[in-house]
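Written below as structure tokens is the structure these notes are about.
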Amino acid sequence: MTGHPLASEWDLDPACVYLNHGSFGPSPRPVREAREAWSRRLERQPMRHFCREMEIELDRAGEVLAGLLHTQPDRLVLLDNATFAMNVVAASTPLKPGDEVLLTDHEYGAVRNIWQARCRAAGARTASVSLPFPPRPTETTAAIAAALKPETKLLVVSHVTSATACVLPLREICQAARQRSVPVCVDGPHALAMLDLQLDSLGCDYYCGSGHKWLCGPFGSGFLWVHPRRRDAIQTPIVSWGGSIAGRPASWKDSLQWLGTRDPAPLLALADAVRFFTPDVLAEYRRWSHALISAARQRLLQIPDVTPFCTPAETDFVSMAAVELPQTAGWKPGYHGHPDSLQIQLRDRHGIEVLTGSWSGRRFLRLSAHLYNTPQQLELCTAAVAEILQQERRDR
Ligand SMILES: Cc1ncc(COP(=O)(O)O)c(C=O)c1O
């Protein structure tokens, strides 16, 4: 079986088997070309681009994205990434001593850092709710609902978790939080394109997204969705001029759209990523990558002591899945910037890029696939993992 016909739209290094789209998702040709065209246009006449057309074009790109997200464009602002969007929410959340921000134990490390810093500055605190293992929907919602207290001022929860790669029951979680009058901020970079998003009916207050994961937008493209009931409180963590550079009527987005001089090309070309993913291409990406990841996961689960981790069934994931690995004698928990020896060996001996790490003291391997990956690449990877783990068993 060969690759997908759309694979030729990507320009990946043939020396590498790239199975980490979940961390950094490269763009297909039309998206790269659109980003380059916007940058060229800026270079030809900077005053025209920055002062007259940028805001209009950002609005146009936002409208295209709003269609995919099933929301109204005036609820969306385009920002560099989900990290920046989360920082905006942190700057916009009033907190005082004694208040609490609740996160789950599956939240992304950088997100945890953002809220710890914000809470420290306000004399408030973060709390972490441990979800059931594995996080089945009903029990997950119940665990979060039980952890919401009168002092909880915000719930921060992933739509699709990072290390554990599971889809959380967002609609039910938002409903439980609203019943207790707790606003919800969703950390959603993996959900864009992976899932059908209906932001206006999800029930959250904020949704932070990145375009450079499954939607294959340019690196440095993301968004913040804000419910109108929160709009007036929006504050910027990067203070600049604040108003509209083109002199149009004021909008809640103004302080977030001019952050000093920077090339808006990635944000403008995000619209081209949405256009690339027609409904057929979107369905094809999900079908193709799910088949690849399911087969690879099956193969990994045949290796002694490799277990399903947080996604026990094939229906629990789309294009990214993690499995739990046996721990070696000298294994130390590490994650960001401290790759596991398995990740290093896959990269250095086999030319394969994956994500490994630790979550809650457990050792995991996460595989991602997109339209440019082939069944043979996944087979190569699982065979290499089997060989490395066998060597680890011998060394134990
Ligand atoms: C769950 C989750 N949240 C937030 C982020 C941060 O995304 P970005 O680096 O695009 O801001 C990531 C990145 O991998 C993530 O997996």
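Lettering and numbering for the structure tokens are positional, with chains as A, B, ... in the shown order, residues counted from 1 in each chain, and ligands counted from 1 in the shown order.
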Worksheet item: If we count only C-alpha atoms, what is near segment 175-177 of chain A at a cut-off of 12 Å, once residues fewer than 2 positions away on the same chain are taken out, given as a VMD selection string?
Response: chain A and resid 102 138 140 to 150 152 to 157 169 to 173 179 to 185 201 to 205
Taking only C-alpha atoms and all ligand atoms into account, produce a table as JSON lines in which each residue of chain A with an atom at most 10 Å from an atom of ligand 1 appears once, together with its shortest atom pair and the distance in Å to one decimal, ordered by chain and rising number.
{"residue": "A:His21", "atom": "CA", "partner": "ligand 1", "partner_atom_place_in_ligand_line": "14 (O)", "distance": 9.6}
{"residue": "A:Gly22", "atom": "CA", "partner": "ligand 1", "partner_atom_place_in_ligand_line": "14 (O)", "distance": 6.7}
{"residue": "A:Ser23", "atom": "CA", "partner": "ligand 1", "partner_atom_place_in_ligand_line": "14 (O)", "distance": 4.8}
{"residue": "A:Phe24", "atom": "CA", "partner": "ligand 1", "partner_atom_place_in_ligand_line": "14 (O)", "distance": 7.4}
{"residue": "A:Gly25", "atom": "CA", "partner": "ligand 1", "partner_atom_place_in_ligand_line": "10 (O)", "distance": 9.8}
{"residue": "A:Leu79", "atom": "CA", "partner": "ligand 1", "partner_atom_place_in_ligand_line": "11 (O)", "distance": 9.7}
{"residue": "A:Asp80", "atom": "CA", "partner": "ligand 1", "partner_atom_place_in_ligand_line": "11 (O)", "distance": 7.6}
{"residue": "A:Asn81", "atom": "CA", "partner": "ligand 1", "partner_atom_place_in_ligand_line": "11 (O)", "distance": 4.2}
{"residue": "A:Ala82", "atom": "CA", "partner": "ligand 1", "partner_atom_place_in_ligand_line": "11 (O)", "distance": 3.9}
{"residue": "A:Thr83", "atom": "CA", "partner": "ligand 1", "partner_atom_place_in_ligand_line": "11 (O)", "distance": 3.6}
{"residue": "A:Phe84", "atom": "CA", "partner": "ligand 1", "partner_atom_place_in_ligand_line": "11 (O)", "distance": 6.4}
{"residue": "A:Ala85", "atom": "CA", "partner": "ligand 1", "partner_atom_place_in_ligand_line": "11 (O)", "distance": 7.9}
{"residue": "A:Met86", "atom": "CA", "partner": "ligand 1", "partner_atom_place_in_ligand_line": "11 (O)", "distance": 8.3}
{"residue": "A:Asn87", "atom": "CA", "partner": "ligand 1", "partner_atom_place_in_ligand_line": "11 (O)", "distance": 9.9}
{"residue": "A:His106", "atom": "CA", "partner": "ligand 1", "partner_atom_place_in_ligand_line": "1 (C)", "distance": 8.5}
{"residue": "A:Glu107", "atom": "CA", "partner": "ligand 1", "partner_atom_place_in_ligand_line": "1 (C)", "distance": 6.4}
{"residue": "A:Tyr108", "atom": "CA", "partner": "ligand 1", "partner_atom_place_in_ligand_line": "1 (C)", "distance": 5.0}
{"residue": "A:Gly109", "atom": "CA", "partner": "ligand 1", "partner_atom_place_in_ligand_line": "3 (N)", "distance": 8.1}
{"residue": "A:Ala110", "atom": "CA", "partner": "ligand 1", "partner_atom_place_in_ligand_line": "4 (C)", "distance": 7.0}
{"residue": "A:Val111", "atom": "CA", "partner": "ligand 1", "partner_atom_place_in_ligand_line": "4 (C)", "distance": 6.4}
{"residue": "A:Arg112", "atom": "CA", "partner": "ligand 1", "partner_atom_place_in_ligand_line": "3 (N)", "distance": 9.6}
{"residue": "A:Val157", "atom": "CA", "partner": "ligand 1", "partner_atom_place_in_ligand_line": "1 (C)", "distance": 8.9}
{"residue": "A:Ser158", "atom": "CA", "partner": "ligand 1", "partner_atom_place_in_ligand_line": "1 (C)", "distance": 5.9}
{"residue": "A:His159", "atom": "CA", "partner": "ligand 1", "partner_atom_place_in_ligand_line": "1 (C)", "distance": 7.7}
{"residue": "A:Val160", "atom": "CA", "partner": "ligand 1", "partner_atom_place_in_ligand_line": "1 (C)", "distance": 6.5}
{"residue": "A:Thr161", "atom": "CA", "partner": "ligand 1", "partner_atom_place_in_ligand_line": "1 (C)", "distance": 5.0}
{"residue": "A:Ser162", "atom": "CA", "partner": "ligand 1", "partner_atom_place_in_ligand_line": "16 (O)", "distance": 4.1}
{"residue": "A:Ala163", "atom": "CA", "partner": "ligand 1", "partner_atom_place_in_ligand_line": "16 (O)", "distance": 7.3}
{"residue": "A:Thr164", "atom": "CA", "partner": "ligand 1", "partner_atom_place_in_ligand_line": "1 (C)", "distance": 9.6}
{"residue": "A:Ala165", "atom": "CA", "partner": "ligand 1", "partner_atom_place_in_ligand_line": "1 (C)", "distance": 8.7}
{"residue": "A:Val186", "atom": "CA", "partner": "ligand 1", "partner_atom_place_in_ligand_line": "3 (N)", "distance": 9.2}
{"residue": "A:Asp187", "atom": "CA", "partner": "ligand 1", "partner_atom_place_in_ligand_line": "3 (N)", "distance": 5.5}
{"residue": "A:Gly188", "atom": "CA", "partner": "ligand 1", "partner_atom_place_in_ligand_line": "1 (C)", "distance": 6.5}
{"residue": "A:Pro189", "atom": "CA", "partner": "ligand 1", "partner_atom_place_in_ligand_line": "2 (C)", "distance": 5.7}
{"residue": "A:His190", "atom": "CA", "partner": "ligand 1", "partner_atom_place_in_ligand_line": "16 (O)", "distance": 6.4}
{"residue": "A:Ala191", "atom": "CA", "partner": "ligand 1", "partner_atom_place_in_ligand_line": "1 (C)", "distance": 9.1}
{"residue": "A:Cys208", "atom": "CA", "partner": "ligand 1", "partner_atom_place_in_ligand_line": "4 (C)", "distance": 8.2}
{"residue": "A:Gly209", "atom": "CA", "partner": "ligand 1", "partner_atom_place_in_ligand_line": "10 (O)", "distance": 7.3}
{"residue": "A:Ser210", "atom": "CA", "partner": "ligand 1", "partner_atom_place_in_ligand_line": "10 (O)", "distance": 4.8}
{"residue": "A:Gly211", "atom": "CA", "partner": "ligand 1", "partner_atom_place_in_ligand_line": "10 (O)", "distance": 7.5}
{"residue": "A:His212", "atom": "CA", "partner": "ligand 1", "partner_atom_place_in_ligand_line": "10 (O)", "distance": 6.7}
{"residue": "A:Lys213", "atom": "CA", "partner": "ligand 1", "partner_atom_place_in_ligand_line": "10 (O)", "distance": 7.4}
{"residue": "A:Phe219", "atom": "CA", "partner": "ligand 1", "partner_atom_place_in_ligand_line": "10 (O)", "distance": 8.2}
{"residue": "A:Gly220", "atom": "CA", "partner": "ligand 1", "partner_atom_place_in_ligand_line": "10 (O)", "distance": 7.4}
{"residue": "A:Ser221", "atom": "CA", "partner": "ligand 1", "partner_atom_place_in_ligand_line": "10 (O)", "distance": 7.9}
{"residue": "A:Gly222", "atom": "CA", "partner": "ligand 1", "partner_atom_place_in_ligand_line": "10 (O)", "distance": 7.1}
{"residue": "A:Phe223", "atom": "CA", "partner": "ligand 1", "partner_atom_place_in_ligand_line": "10 (O)", "distance": 9.8}
Keeping only C-alpha atoms, write those residues as an mmCIF file, in the first residue's frame.
data_model
loop_
_atom_site.group_PDB
_atom_site.id
_atom_site.type_symbol
_atom_site.label_atom_id
_atom_site.label_comp_id
_atom_site.auth_asym_id
_atom_site.auth_seq_id
_atom_site.Cartn_x
_atom_site.Cartn_y
_atom_site.Cartn_z
ATOM 1 C CA HIS A 21 2.378 16.186 13.907
ATOM 2 C CA GLY A 22 0.723 16.522 17.328
ATOM 3 C CA SER A 23 3.587 18.737 18.515
ATOM 4 C CA PHE A 24 4.399 20.656 15.343
ATOM 5 C CA GLY A 25 2.243 20.178 12.247
ATOM 6 C CA LEU A 79 -3.346 35.264 17.683
ATOM 7 C CA ASP A 80 0.013 33.555 17.304
ATOM 8 C CA ASN A 81 -0.848 30.373 19.207
ATOM 9 C CA ALA A 82 -2.842 28.792 22.006
ATOM 10 C CA THR A 83 -0.159 29.761 24.533
ATOM 11 C CA PHE A 84 -0.665 33.436 23.766
ATOM 12 C CA ALA A 85 -4.441 33.008 23.836
ATOM 13 C CA MET A 86 -4.203 31.364 27.269
ATOM 14 C CA ASN A 87 -2.063 34.264 28.504
ATOM 15 C CA HIS A 106 -3.904 16.070 32.138
ATOM 16 C CA GLU A 107 -3.233 19.750 31.403
ATOM 17 C CA TYR A 108 -0.263 20.876 29.328
ATOM 18 C CA GLY A 109 2.811 21.935 31.329
ATOM 19 C CA ALA A 110 3.029 25.433 29.846
ATOM 20 C CA VAL A 111 -0.665 26.025 30.613
ATOM 21 C CA ARG A 112 -0.085 24.947 34.206
ATOM 22 C CA VAL A 157 -9.541 22.008 30.706
ATOM 23 C CA SER A 158 -8.163 20.504 27.489
ATOM 24 C CA HIS A 159 -10.448 19.404 24.693
ATOM 25 C CA VAL A 160 -7.869 16.846 23.543
ATOM 26 C CA THR A 161 -5.101 16.278 26.081
ATOM 27 C CA SER A 162 -1.458 16.508 25.102
ATOM 28 C CA ALA A 163 0.591 13.710 26.679
ATOM 29 C CA THR A 164 -2.277 11.291 27.168
ATOM 30 C CA ALA A 165 -3.943 12.106 23.806
ATOM 31 C CA VAL A 186 -10.793 25.347 27.003
ATOM 32 C CA ASP A 187 -7.253 24.542 25.925
ATOM 33 C CA GLY A 188 -8.045 23.309 22.445
ATOM 34 C CA PRO A 189 -5.045 23.248 20.068
ATOM 35 C CA HIS A 190 -5.433 19.549 19.192
ATOM 36 C CA ALA A 191 -9.165 19.697 18.592
ATOM 37 C CA CYS A 208 -7.738 28.745 22.905
ATOM 38 C CA GLY A 209 -6.570 27.172 19.641
ATOM 39 C CA SER A 210 -3.502 26.681 17.461
ATOM 40 C CA GLY A 211 -3.671 26.452 13.682
ATOM 41 C CA HIS A 212 -0.263 24.784 13.337
ATOM 42 C CA LYS A 213 -1.345 21.387 14.575
ATOM 43 C CA PHE A 219 3.567 28.015 12.343
ATOM 44 C CA GLY A 220 2.523 30.964 14.497
ATOM 45 C CA SER A 221 -1.209 30.871 13.750
ATOM 46 C CA GLY A 222 -3.857 30.448 16.411
ATOM 47 C CA PHE A 223 -6.952 32.026 17.875
#
Discussion item. When you count only C-alpha atoms, which of these residues is closest to Leu270 of chain A: A:Gly334, A:Gly62, A:Pro97, A:Gly3?
Written reply: A:Gly62
Worksheet item: In terms of the shortest atom-to-atom distance over only C-alpha atoms, which of A:Asn20, A:Gln45, A:Ser341, A:Ser8 is closest to Arg366 of chain A?
Response: A:Asn20
Item to complete: Write down as a VMD selection string the residues belonging to segment 14-208 of chain A that are assigned strand (DSSP E or B) by DSSP computed on the backbone.
Response: chain A and resid 17 to 18 76 to 79 100 to 104 125 to 129 152 to 158 160 167 184 to 187 192 195 206 to 208
Fill in: Distance query Ala273 of chain A at most 8 Å, only C-alpha atoms, self and fewer than 4 positions along chain excluded, as a PyMOL selection string
chain A and resi 27+30-31+215-217+269+277
Would you put the residues from that selection into a file with C-alpha atoms, as a PDB file, in the first residue's frame?
ATOM      1  CA  SER A  27       1.740  22.842   6.222  1.00  0.00           C
ATOM      2  CA  PRO A  30      -1.012  25.970  -0.778  1.00  0.00           C
ATOM      3  CA  VAL A  31      -0.694  27.163   2.832  1.00  0.00           C
ATOM      4  CA  LEU A 215      -5.297  22.036  10.593  1.00  0.00           C
ATOM      5  CA  CYS A 216      -1.752  22.412   9.169  1.00  0.00           C
ATOM      6  CA  GLY A 217      -1.859  26.217   9.328  1.00  0.00           C
ATOM      7  CA  ALA A 269      -2.707  32.275   5.610  1.00  0.00           C
ATOM      8  CA  PHE A 277      -9.449  21.186   4.310  1.00  0.00           C
TER       9      PHE A 277
END
Discussion item. Which residues are near segment 344-360 of chain A? Cut-off 6 Å, only C-alpha atoms, ignore same chain within fewer than 2 positions. Put them as a count of residues only.
Written reply: 17
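Using only C-alpha atoms for every distance, the candidate list A:Val274, A:Leu224, A:Leu380, A:Val88 yields A:Val274 as the residue closest to Ala61 of chain A.
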Fill in: 9 Å contact set for Ile303 of chain A, only C-alpha atoms, chain neighbours under 4 positions out, as a PyMOL selection string
chain A and resi 299+307+385-386+389-390
Discussion item. Please list as a PyMOL selection string every residue within 10 Å of Arg136 of chain A, counting only C-alpha atoms and excluding residues in the same chain fewer than 4 positions away.
Written reply: chain A and resi 131-132+140-141+166-169+310-312+316
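For the pair atom CA of Arg29 of chain A and atom CA of Phe276 of chain A, the separation is 9.6 Å.
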